[in-house]
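Peer 1: Next up is a structure, given as structure tokens.
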Amino acid sequence: MLGLKLRPEFAASTISGTVVSLDSKYSESFVNLPTQKALDVTYPSVDLIQALEACFGENNNRYLVIMGERGQGKSHIMGVIHHAFKDPKMFMSWIDTWRGKLSHSIKLSEPPSNFLALTVPLHEQGYEFLWDPIFQNHSEGKKLEGKWEARKDTMPIPAKADLIEALKIQPVALILDEFQTWYANLSGKAESWAFNFIQILSEIAKEYPNLLKLVVSVRDGDSDSYKQLHRINPIIVNFTSAASRQDRHRLLIHRIFENRGQIPSDQIKGKIDIYFQEWCRLLQKEGPEVAELEHQSIEMWPFSFDLINVLEEQILLSTNAQGTRDLLQVLVYLYKSTGENESVITPAHFGLSEDKNIELDKLIAAIGTKQTGQLAKIALKNIEVVKQNLKENTPHFTDKALASLYIRSLNMSRTKGVVREQIQADISTPCLR
């Protein structure tokens, strides 16, 4: 496929989970990667740039709240912010390589080099108090803890003045991932203390942005934890714009392939032209929208944007564990099972054979409900019946047509099945064997 190369971590027969971990206890966590490697697998989406501008832009005197459900890239954004503080010059060099390549501008100043990047995945660390990470990692942490211990009977949370004094000695970028998850498990006095302490942190971040950069992630805006964060007018990144969704798709392609950005668009256009023209004819796409649809098709190659849209709807809305509904993993396994043999990969390229691609089958089985496995068995049975009845007259596209129907029917709560024209479009890909 025009010399496409998977990133090295995806080359093995099985791949580990691709969910970004920010837990510094693990050597393979995102914050422990060399900064260059962390940035190499990062696409500067509009959401990421908005978050970076909140920290390093012209108006960087407000703290940042990143809001979104699991799987939307909150942790990755926080990890990039961590590396920006960790290695400012390398970060700016990476930014410079992207200037001129994006439709949106990048207006950032070099991050300060004197900040301690303190990234805390609250749902994993098991901290009792929100100030524990500061006590444990800050150069003045022991002194702060001593002052708090001496007065905690009458002042149960660290004093704002003491925190400011410590931050003057060592400024901090405090990055709190999954704050809402941690906060939701508190009760009684512990909840009240966390409520008051996050307000102190918010105040310091607003009044002294040269001493404290505060970045916090939450799932939604309905929780008490978010309402407290919202009191002092943070900048909010929430992944809701149309540009955000398109950029998440570009991020997927960039994350999977190490050289995708080096392949000229005209070569890709030639590769997908037969499929795209037939897709437009079958689905009655015409007029001014065709040019934009062709542009999107080129950007999503080697996957059809139909495929990514279908999988995104199914996987990101699944209630199962994040590690098993990772859209990126599904696309990697699908590409590896299809290889160099297809001009573009559509929903029709899912193999329904139980032994064709065990890892892909395992992931797809985890996407939907208990009925998902039953659907696969029904699809396989239908293929057998068709082949038994038609024998040598069985259409060569039978397996692909039923795979397209199957993958579009995984989520039983949404539209079931698919129109004939869409299936025909899915199987209209020239084979390159």
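Please note that chains go A, B, ... in the order of the structure tokens, that every chain numbers its residues from 1, and that ligands are numbered from 1 in the order shown.
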Would you kindly return, as a PyMOL selection string, each protein, DNA or RNA residue with an atom no farther than 12 Å from any atom of segment 134-148 of chain A, considering only C-alpha atoms and excluding same-chain residues fewer than 3 positions away?
Peer 2: chain A and resi 24+115-120+127+129-131+151-176+201+212
Peer 1: Would you kindly return, as a PDB file with C-alpha atoms, in the first residue's frame, each protein, DNA or RNA residue with an atom no farther than 10 Å from any atom of Leu229 of chain A, considering only C-alpha atoms and excluding same-chain residues fewer than 6 positions away?
Peer 2:
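Dumped to result15.pdb:
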ATOM      1  CA  TYR A  63      -6.242  26.910  34.573  1.00  0.00           C
ATOM      2  CA  LEU A  64      -7.374  24.137  32.264  1.00  0.00           C
ATOM      3  CA  VAL A  65     -10.178  21.589  32.555  1.00  0.00           C
ATOM      4  CA  PHE A 195     -13.691  20.411  47.774  1.00  0.00           C
ATOM      5  CA  ILE A 198      -9.288  22.242  44.816  1.00  0.00           C
ATOM      6  CA  GLN A 199     -10.646  25.755  45.314  1.00  0.00           C
ATOM      7  CA  LEU A 201      -5.439  25.323  43.903  1.00  0.00           C
ATOM      8  CA  SER A 202      -7.789  27.039  41.438  1.00  0.00           C
ATOM      9  CA  VAL A 216      -7.548  18.667  35.536  1.00  0.00           C
ATOM     10  CA  VAL A 218     -13.219  15.183  34.280  1.00  0.00           C
ATOM     11  CA  GLY A 221     -20.005  18.838  33.692  1.00  0.00           C
TER      12      GLY A 221
END
Peer 1: Quick one: residues within 9 Å of Asp87 of chain A, only C-alpha atoms, excluding same-chain residues fewer than 4 positions away - as number ranges by chain?
Peer 2: A: 35, 82-83, 91-92, 111, 113
Peer 1: I'd like the interatomic distance between atom CA of Val46 of chain A and atom CA of Asn259 of chain A, to a tenth of an Å.
Peer 2: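 For atom CA of Val46 of chain A relative to atom CA of Asn259 of chain A, the distance reads 21.4 Å.
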Peer 1: Any chance you could list, as an NGL selection string, the residues in segment 165-198 of chain A that come up helix (DSSP H, G or I) when DSSP is run on the backbone?
Peer 2: :A and (165-169 or 179-184 or 188-198)
Peer 1: Please measure the separation of atom CA of Ile66 of chain A and atom CA of Ser217 of chain A, giving the value in Å to one decimal.
Peer 2: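 That distance, rounded to one decimal, is 4.6 Å.
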Peer 1: Taking the DSSP secondary structure from the backbone, can you list the residues of segment 45-96 of chain A that are strand (DSSP E), as a PyMOL selection string?
Peer 2: chain A and resi 64-67
Peer 1: What's around segment 303-305 of chain A at 6 Å? Count only C-alpha atoms, leave out sequence neighbours fewer than 5 positions away in its own chain, and write the answer as a ChimeraX atom specification.
Peer 2: /A:297,344-346
Peer 1: Hey, what's within 8 Å of Met78 of chain A if we count only C-alpha atoms and toss same-chain stuff fewer than 3 positions away? As a PDB file with N, CA and C atoms, in the first residue's frame, please?
Peer 2:
ATOM      1  N   LYS A  74      -8.099  12.487  26.459  1.00  0.00           N
ATOM      2  CA  LYS A  74      -7.766  13.398  27.570  1.00  0.00           C
ATOM      3  C   LYS A  74      -6.372  13.109  28.114  1.00  0.00           C
ATOM      4  N   SER A  75      -6.095  11.838  28.376  1.00  0.00           N
ATOM      5  CA  SER A  75      -4.818  11.478  28.975  1.00  0.00           C
ATOM      6  C   SER A  75      -3.654  11.787  28.048  1.00  0.00           C
ATOM      7  N   ILE A  81       1.314  17.791  27.623  1.00  0.00           N
ATOM      8  CA  ILE A  81       1.587  18.954  28.477  1.00  0.00           C
ATOM      9  C   ILE A  81       2.711  18.636  29.454  1.00  0.00           C
ATOM     10  N   HIS A  82       2.695  17.444  30.002  1.00  0.00           N
ATOM     11  CA  HIS A  82       3.776  17.007  30.899  1.00  0.00           C
ATOM     12  C   HIS A  82       5.123  17.099  30.194  1.00  0.00           C
ATOM     13  N   ILE A 175      -0.899  18.226  37.145  1.00  0.00           N
ATOM     14  CA  ILE A 175      -1.765  17.637  36.125  1.00  0.00           C
ATOM     15  C   ILE A 175      -2.504  16.468  36.770  1.00  0.00           C
ATOM     16  N   ASP A 177      -5.235  13.703  36.470  1.00  0.00           N
ATOM     17  CA  ASP A 177      -6.061  12.919  35.555  1.00  0.00           C
ATOM     18  C   ASP A 177      -7.126  12.148  36.338  1.00  0.00           C
ATOM     19  N   VAL A 215      -3.958  21.607  35.592  1.00  0.00           N
ATOM     20  CA  VAL A 215      -4.656  20.921  34.503  1.00  0.00           C
ATOM     21  C   VAL A 215      -5.405  19.737  35.118  1.00  0.00           C
TER      22      VAL A 215
END
Peer 1: Report, in Å with one decimal, the straight-line distance from atom CA of Thr97 of chain A to atom CA of Lys37 of chain A.
Peer 2: 14.6 Å
Peer 1: A:Leu2, A:Ala194, A:Ile298, A:Ile268: which is nearest Trp182 of chain A, counting only C-alpha atoms?
Peer 2: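 Comparing A:Leu2, A:Ala194, A:Ile298, A:Ile268 against Trp182 of chain A, the winner is A:Ala194.
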